[in-house]
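J.: What follows is model.pdb, PDB, C-alpha atoms.
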```
MODEL        1
ATOM      1  CA  MET Y 312       0.000   0.000   0.000
ATOM      2  CA  ARG Y 313       1.278   3.454  -0.914
ATOM      3  CA  PRO Y 314      -0.861   5.946   0.962
ATOM      4  CA  THR Y 315      -1.166   9.465  -0.298
ATOM      5  CA  ALA Y 316      -0.943  12.487   1.980
ATOM      6  CA  ARG Y 317      -4.759  12.663   1.893
ATOM      7  CA  ASP Y 318      -4.960   8.973   2.897
ATOM      8  CA  ALA Y 319      -2.717   9.646   5.897
ATOM      9  CA  VAL Y 320      -4.802  12.650   6.964
ATOM     10  CA  ASN Y 321      -7.977  10.570   6.545
ATOM     11  CA  ILE Y 322      -6.557   7.856   8.820
ATOM     12  CA  TRP Y 323      -5.656  10.439  11.470
ATOM     13  CA  THR Y 324      -9.065  12.069  11.061
ATOM     14  CA  ALA Y 325     -10.772   8.741  11.731
ATOM     15  CA  GLY Y 326      -8.633   8.350  14.850
ATOM     16  CA  PHE Y 327      -9.482  11.859  16.082
ATOM     17  CA  ALA Y 328     -13.183  11.183  15.492
ATOM     18  CA  GLY Y 329     -13.033   7.849  17.321
ATOM     19  CA  ALA Y 330     -11.182   9.390  20.260
ATOM     20  CA  ALA Y 331     -13.667  12.275  20.440
ATOM     21  CA  VAL Y 332     -16.559   9.808  20.623
ATOM     22  CA  LEU Y 333     -14.878   7.598  23.229
ATOM     23  CA  GLN Y 334     -13.642  10.448  25.413
ATOM     24  CA  GLY Y 335     -16.793  12.528  24.976
ATOM     25  CA  LEU Y 336     -19.503   9.894  25.292
ATOM     26  CA  VAL Y 337     -18.090   6.958  27.265
ATOM     27  CA  PRO Y 338     -15.033   8.303  29.111
ATOM     28  CA  ARG Y 339     -15.408   6.165  32.248
ATOM     29  CA  ARG Y 340     -15.816   2.956  30.302
ATOM     30  CA  PHE Y 341     -12.827   3.778  28.119
ATOM     31  CA  ALA Y 342     -10.699   4.816  31.118
ATOM     32  CA  ARG Y 343     -11.311   1.469  32.846
ATOM     33  CA  GLY Y 344      -9.308  -0.088  30.014
ATOM     34  CA  THR Y 345      -6.270   2.119  30.595
ATOM     35  CA  SER Y 346      -3.569   2.264  33.244
ATOM     36  CA  TRP Y 347      -4.289   5.992  33.744
ATOM     37  CA  GLY Y 348      -7.806   5.721  35.147
ATOM     38  CA  HIS Y 349     -10.583   8.268  34.856
ATOM     39  CA  ASN Y 350     -10.474  12.037  35.370
ATOM     40  CA  ASP Y 351     -13.498  14.053  34.204
ATOM     41  CA  GLY Y 352     -11.549  17.219  33.420
ATOM     42  CA  TRP Y 353      -8.793  15.550  31.433
ATOM     43  CA  GLN Y 354     -11.175  13.238  29.569
ATOM     44  CA  ARG Y 355     -13.143  16.322  28.450
ATOM     45  CA  GLU Y 356      -9.917  18.074  27.433
ATOM     46  CA  ILE Y 357      -8.996  15.113  25.213
ATOM     47  CA  ALA Y 358     -12.445  15.108  23.591
ATOM     48  CA  ILE Y 359     -12.219  18.883  23.101
ATOM     49  CA  TRP Y 360      -8.798  18.605  21.472
ATOM     50  CA  ASN Y 361     -10.138  16.052  19.022
ATOM     51  CA  LEU Y 362     -13.192  18.191  18.155
ATOM     52  CA  GLY Y 363     -10.974  21.209  17.531
ATOM     53  CA  THR Y 364      -8.673  19.161  15.337
ATOM     54  CA  LEU Y 365     -11.619  17.789  13.343
ATOM     55  CA  THR Y 366     -12.974  21.327  12.862
ATOM     56  CA  THR Y 367      -9.581  22.501  11.603
ATOM     57  CA  ILE Y 368      -9.304  19.610   9.147
ATOM     58  CA  ALA Y 369     -12.815  20.253   7.816
ATOM     59  CA  ALA Y 370     -12.130  23.983   7.453
ATOM     60  CA  LEU Y 371      -8.808  23.435   5.678
ATOM     61  CA  ARG Y 372     -10.392  20.988   3.262
ATOM     62  CA  ARG Y 373     -12.957  23.498   1.995
ATOM     63  CA  GLU Y 374     -12.382  24.552  -1.572
ATOM     64  CA  ASN Y 375     -10.222  27.702  -1.762
ATOM     65  CA  ALA Y 376      -9.846  27.697   2.017
ATOM     66  CA  ASP Y 377      -7.812  30.471   3.591
ATOM     67  CA  PRO Y 378      -5.413  28.633   5.930
ATOM     68  CA  ASP Y 379      -5.474  31.335   8.627
ATOM     69  CA  ARG Y 380      -9.285  31.553   8.685
ATOM     70  CA  SER Y 381      -9.446  27.751   8.774
ATOM     71  CA  LEU Y 382      -7.045  27.621  11.691
ATOM     72  CA  ILE Y 383      -9.069  30.290  13.512
ATOM     73  CA  ALA Y 384     -12.184  28.114  13.092
ATOM     74  CA  GLY Y 385     -10.472  25.172  14.779
ATOM     75  CA  PHE Y 386      -8.774  27.291  17.420
ATOM     76  CA  ALA Y 387     -12.079  29.040  18.230
ATOM     77  CA  ILE Y 388     -13.696  25.672  18.924
ATOM     78  CA  LEU Y 389     -10.727  24.708  21.083
ATOM     79  CA  SER Y 390     -10.712  27.956  23.062
ATOM     80  CA  SER Y 391     -14.490  27.979  23.512
ATOM     81  CA  LEU Y 392     -14.614  24.442  24.862
ATOM     82  CA  PHE Y 393     -11.320  24.511  26.802
ATOM     83  CA  GLY Y 394     -12.312  27.849  28.330
ATOM     84  CA  THR Y 395     -15.717  26.509  29.327
ATOM     85  CA  ASN Y 396     -14.138  23.392  30.854
ATOM     86  CA  HIS Y 397     -11.681  25.523  32.857
ATOM     87  CA  LEU Y 398     -14.366  27.983  33.938
ATOM     88  CA  ALA Y 399     -16.642  25.193  35.155
ATOM     89  CA  ALA Y 400     -13.773  23.722  37.185
ATOM     90  CA  ALA Y 401     -12.811  27.157  38.554
ATOM     91  CA  LEU Y 402     -16.373  27.892  39.648
ATOM     92  CA  HIS Y 403     -16.530  24.499  41.338
ATOM     93  CA  SER Y 404     -13.238  25.066  43.167
ATOM     94  CA  ARG Y 405     -12.644  28.802  43.427
ATOM     95  CA  ARG Y 406      -9.045  28.406  44.632
ATOM     96  CA  SER Y 407      -8.006  26.486  41.527
ATOM     97  CA  TRP Y 408      -5.940  29.346  40.087
ATOM     98  CA  GLY Y 409      -4.733  27.201  37.168
ATOM     99  CA  ASN Y 410      -8.329  26.838  35.959
ATOM    100  CA  TRP Y 411      -8.932  30.593  36.258
ATOM    101  CA  ILE Y 412      -5.807  31.215  34.172
ATOM    102  CA  GLY Y 413      -6.940  28.607  31.624
ATOM    103  CA  ALA Y 414     -10.387  30.194  31.358
ATOM    104  CA  GLY Y 415      -8.923  33.680  30.944
ATOM    105  CA  ALA Y 416      -6.254  32.683  28.427
ATOM    106  CA  ASN Y 417      -8.796  30.891  26.269
ATOM    107  CA  ALA Y 418     -11.150  33.880  26.436
ATOM    108  CA  ILE Y 419      -8.325  36.136  25.219
ATOM    109  CA  GLY Y 420      -7.512  33.766  22.355
ATOM    110  CA  LEU Y 421     -11.150  33.472  21.360
ATOM    111  CA  GLY Y 422     -11.593  37.249  21.465
ATOM    112  CA  ALA Y 423      -8.523  37.790  19.275
ATOM    113  CA  GLY Y 424      -9.658  35.186  16.758
ATOM    114  CA  LEU Y 425     -13.203  36.509  16.480
ATOM    115  CA  ALA Y 426     -11.908  40.080  16.161
ATOM    116  CA  ALA Y 427      -9.539  38.995  13.390
ATOM    117  CA  LEU Y 428     -12.397  37.311  11.515
ATOM    118  CA  ALA Y 429     -14.559  40.420  11.880
ATOM    119  CA  ASN Y 430     -11.724  42.670  10.662
ATOM    120  CA  ALA Y 431     -11.116  40.413   7.670
ATOM    121  CA  ARG Y 432     -14.814  40.564   6.731
ATOM    122  CA  ARG Y 433     -14.845  44.349   7.011
ATOM    123  CA  SER Y 434     -11.757  44.702   4.832
ATOM    124  CA  GLN Y 435     -13.296  42.440   2.162
ATOM    125  CA  SER Y 436     -16.598  44.329   2.072
ATOM    126  CA  PRO Y 437     -16.891  47.123  -0.485
ATOM    127  CA  ALA Y 438     -16.823  50.585   1.028
ATOM    128  CA  LEU Y 439     -20.185  52.223   1.527
ATOM    129  CA  ASP Y 440     -20.493  55.607  -0.130
TER     130      ASP Y 440
ENDMDL
END
```
Would you give me this structure, written as structure tokens?
T.:
Amino acid sequence: MRPTARDAVNIWTAGFAGAAVLQGLVPRRFARGTSWGHNDGWQREIAIWNLGTLTTIAALRRENADPDRSLIAGFAILSSLFGTNHLAAALHSRRSWGNWIGAGANAIGLGAGLAALANARRSQSPALD
């Protein structure tokens, strides 16, 4: 077998999708089969990472895709979900400073990405007279 670059990406994509399903829908059951055990926060982070990666792949594969806009799409999913996961943990345990930092950092990234998309749309729109 001589896989093409697209074949290799498709194989990885299938793996990301499978991991997202396992970690997102049946994390405890999956964790019982590992030496690491279960941890709600980390299992969600793994599922989130896979969803963000899948979003990036889909965005990059669009016809005439702008790589930066495609990356922003994937990163926005990552920051939205990672930030939410960190915020939920921080609200549950208010002294968990690492979660507060994670929530804030992801909010900053998301804000920058959405602002960049908005600026790009404005610069592509014809000027109103």
J.: Find the residue from Y:Arg355, Y:Arg372, Y:His349, Y:Arg406 that sits nearest to Y:Gly394; use all atoms listed in the file when measuring.
T.: Y:Arg355
J.: Please evaluate the PyMOL selection byres ((chain Y and resi 390-393) around 7) against the structure above and give the resulting residues as a list in words.
T.: Glu356, Ile359, Phe386, Ala387, Ile388, Leu389, Gly394, Thr395, Asn396, His397, Asn417, Ala418, Gly420 and Leu421 of chain Y
J.: Which of these residues is nearest to Y:Val337, using all atoms listed in the file: Y:Gly413, Y:Ala400, Y:Asp351, Y:Trp360?
T.: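 Result for the nearest residue to Y:Val337: Y:Asp351.
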J.: Which residue gives the smallest distance to Y:Val320 among Y:Thr367, Y:Ser407, Y:Ser434, Y:Gln334, with all atoms listed in the file counted?
T.: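 Closest candidate: Y:Thr367.
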J.: State, in Å with one decimal place, the distance from atom CA of Y:Ala319 to atom CA of Y:Gly363.
T.: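 Separation between atom CA of Y:Ala319 and atom CA of Y:Gly363: 18.4 Å.
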J.: Using the chain letters and numbers from this file, what does the PyMOL selection byres ((chain Y and resi 324) around 12) select? Give the answer as an MDAnalysis selection string.
T.: chainID Y and resid 317:323 325:331 361:369 372
J.: Those residues with C-alpha atoms, as a CSV table (one decimal), in the frame of the given file please?
T.:
```
chain,number,residue,atom,x,y,z
Y,317,ARG,CA,-4.8,12.7,1.9
Y,318,ASP,CA,-5.0,9.0,2.9
Y,319,ALA,CA,-2.7,9.6,5.9
Y,320,VAL,CA,-4.8,12.6,7.0
Y,321,ASN,CA,-8.0,10.6,6.5
Y,322,ILE,CA,-6.6,7.9,8.8
Y,323,TRP,CA,-5.7,10.4,11.5
Y,325,ALA,CA,-10.8,8.7,11.7
Y,326,GLY,CA,-8.6,8.4,14.8
Y,327,PHE,CA,-9.5,11.9,16.1
Y,328,ALA,CA,-13.2,11.2,15.5
Y,329,GLY,CA,-13.0,7.8,17.3
Y,330,ALA,CA,-11.2,9.4,20.3
Y,331,ALA,CA,-13.7,12.3,20.4
Y,361,ASN,CA,-10.1,16.1,19.0
Y,362,LEU,CA,-13.2,18.2,18.2
Y,363,GLY,CA,-11.0,21.2,17.5
Y,364,THR,CA,-8.7,19.2,15.3
Y,365,LEU,CA,-11.6,17.8,13.3
Y,366,THR,CA,-13.0,21.3,12.9
Y,367,THR,CA,-9.6,22.5,11.6
Y,368,ILE,CA,-9.3,19.6,9.1
Y,369,ALA,CA,-12.8,20.3,7.8
Y,372,ARG,CA,-10.4,21.0,3.3
```
J.: Using atom CA of Y:Arg373 and atom CA of Y:Ala358 as the two end points, give the distance in Å to one decimal.
T.: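 Separating atom CA of Y:Arg373 from atom CA of Y:Ala358 is a distance of 23.2 Å.
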J.: What's the separation between atom CA of Y:Leu398 and atom CA of Y:Ala414, in Å to one decimal place?
T.: 5.2 Å
J.: Return the single residue from Y:Gly385, Y:Gly335, Y:Gly352, Y:Pro378 that is closest to Y:Asn410, with distances computed using all atoms listed in the file.
T.: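 Of the candidates, the smallest distance to Y:Asn410 is held by Y:Gly352.
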J.: Can you tell me which residues surround stretch 428-432 of chain Y at a distance of at most 12 Å, considering only C-alpha atoms, apart from same-chain residues fewer than 5 positions away, and format the answer as a ChimeraX atom specification?
T.: /Y:377,379-384,387,421-423,437-438
J.: Where atoms are absent from stretch 344-368 of chain Y, fill them in so it carries N, CA, C and O atoms, then output it as a short mmCIF file (atom, residue, chain, number, x, y, z; two decimals), in the frame of the given file.
T.:
```
data_model
loop_
_atom_site.label_atom_id
_atom_site.label_comp_id
_atom_site.auth_asym_id
_atom_site.auth_seq_id
_atom_site.Cartn_x
_atom_site.Cartn_y
_atom_site.Cartn_z
N GLY Y 344 -10.21 0.75 30.80
CA GLY Y 344 -9.31 -0.09 30.01
C GLY Y 344 -7.91 0.49 29.88
O GLY Y 344 -7.12 0.01 29.07
N THR Y 345 -7.60 1.51 30.66
CA THR Y 345 -6.27 2.12 30.60
C THR Y 345 -5.58 2.03 31.96
O THR Y 345 -6.25 1.80 32.98
N SER Y 346 -4.29 2.24 31.97
CA SER Y 346 -3.57 2.26 33.24
C SER Y 346 -3.66 3.62 33.92
O SER Y 346 -3.26 3.78 35.06
N TRP Y 347 -4.22 4.64 33.22
CA TRP Y 347 -4.29 5.99 33.74
C TRP Y 347 -5.52 6.25 34.61
O TRP Y 347 -5.53 7.15 35.42
N GLY Y 348 -6.58 5.49 34.39
CA GLY Y 348 -7.81 5.72 35.15
C GLY Y 348 -8.61 6.89 34.59
O GLY Y 348 -8.30 7.43 33.53
N HIS Y 349 -9.64 7.25 35.32
CA HIS Y 349 -10.58 8.27 34.86
C HIS Y 349 -10.36 9.59 35.57
O HIS Y 349 -10.07 9.63 36.76
N ASN Y 350 -10.51 10.68 34.82
CA ASN Y 350 -10.47 12.04 35.37
C ASN Y 350 -11.38 12.87 34.48
O ASN Y 350 -11.05 13.10 33.30
N ASP Y 351 -12.51 13.32 35.01
CA ASP Y 351 -13.50 14.05 34.20
C ASP Y 351 -12.89 15.21 33.42
O ASP Y 351 -13.13 15.34 32.22
N GLY Y 352 -12.11 16.04 34.08
CA GLY Y 352 -11.55 17.22 33.42
C GLY Y 352 -10.63 16.86 32.26
O GLY Y 352 -10.75 17.42 31.17
N TRP Y 353 -9.73 15.92 32.49
CA TRP Y 353 -8.79 15.55 31.43
C TRP Y 353 -9.49 14.79 30.31
O TRP Y 353 -9.13 14.97 29.13
N GLN Y 354 -10.46 13.96 30.63
CA GLN Y 354 -11.18 13.24 29.57
C GLN Y 354 -11.88 14.25 28.66
O GLN Y 354 -11.88 14.11 27.44
N ARG Y 355 -12.50 15.28 29.26
CA ARG Y 355 -13.14 16.32 28.45
C ARG Y 355 -12.12 17.06 27.61
O ARG Y 355 -12.37 17.37 26.44
N GLU Y 356 -10.95 17.36 28.18
CA GLU Y 356 -9.92 18.07 27.43
C GLU Y 356 -9.48 17.27 26.21
O GLU Y 356 -9.26 17.83 25.14
N ILE Y 357 -9.38 15.96 26.35
CA ILE Y 357 -9.00 15.11 25.21
C ILE Y 357 -10.08 15.15 24.15
O ILE Y 357 -9.80 15.29 22.95
N ALA Y 358 -11.34 15.04 24.55
CA ALA Y 358 -12.44 15.11 23.59
C ALA Y 358 -12.46 16.47 22.90
O ALA Y 358 -12.65 16.55 21.67
N ILE Y 359 -12.24 17.53 23.66
CA ILE Y 359 -12.22 18.88 23.10
C ILE Y 359 -11.11 19.01 22.06
O ILE Y 359 -11.31 19.55 20.97
N TRP Y 360 -9.93 18.53 22.40
CA TRP Y 360 -8.80 18.60 21.47
C TRP Y 360 -9.16 17.93 20.15
O TRP Y 360 -8.89 18.45 19.07
N ASN Y 361 -9.78 16.78 20.23
CA ASN Y 361 -10.14 16.05 19.02
C ASN Y 361 -11.20 16.80 18.22
O ASN Y 361 -11.12 16.85 16.99
N LEU Y 362 -12.18 17.41 18.88
CA LEU Y 362 -13.19 18.19 18.16
C LEU Y 362 -12.57 19.40 17.46
O LEU Y 362 -12.90 19.72 16.31
N GLY Y 363 -11.66 20.07 18.14
CA GLY Y 363 -10.97 21.21 17.53
C GLY Y 363 -10.14 20.80 16.33
O GLY Y 363 -10.11 21.49 15.30
N THR Y 364 -9.47 19.67 16.44
CA THR Y 364 -8.67 19.16 15.34
C THR Y 364 -9.56 18.79 14.16
O THR Y 364 -9.24 19.12 13.00
N LEU Y 365 -10.69 18.15 14.42
CA LEU Y 365 -11.62 17.79 13.34
C LEU Y 365 -12.17 19.04 12.66
O LEU Y 365 -12.31 19.08 11.43
N THR Y 366 -12.48 20.07 13.43
CA THR Y 366 -12.97 21.33 12.86
C THR Y 366 -11.92 21.95 11.96
O THR Y 366 -12.23 22.42 10.86
N THR Y 367 -10.67 21.94 12.40
CA THR Y 367 -9.58 22.50 11.60
C THR Y 367 -9.41 21.74 10.30
O THR Y 367 -9.26 22.34 9.22
N ILE Y 368 -9.44 20.43 10.36
CA ILE Y 368 -9.30 19.61 9.15
C ILE Y 368 -10.44 19.92 8.18
O ILE Y 368 -10.20 20.14 6.98
#
```
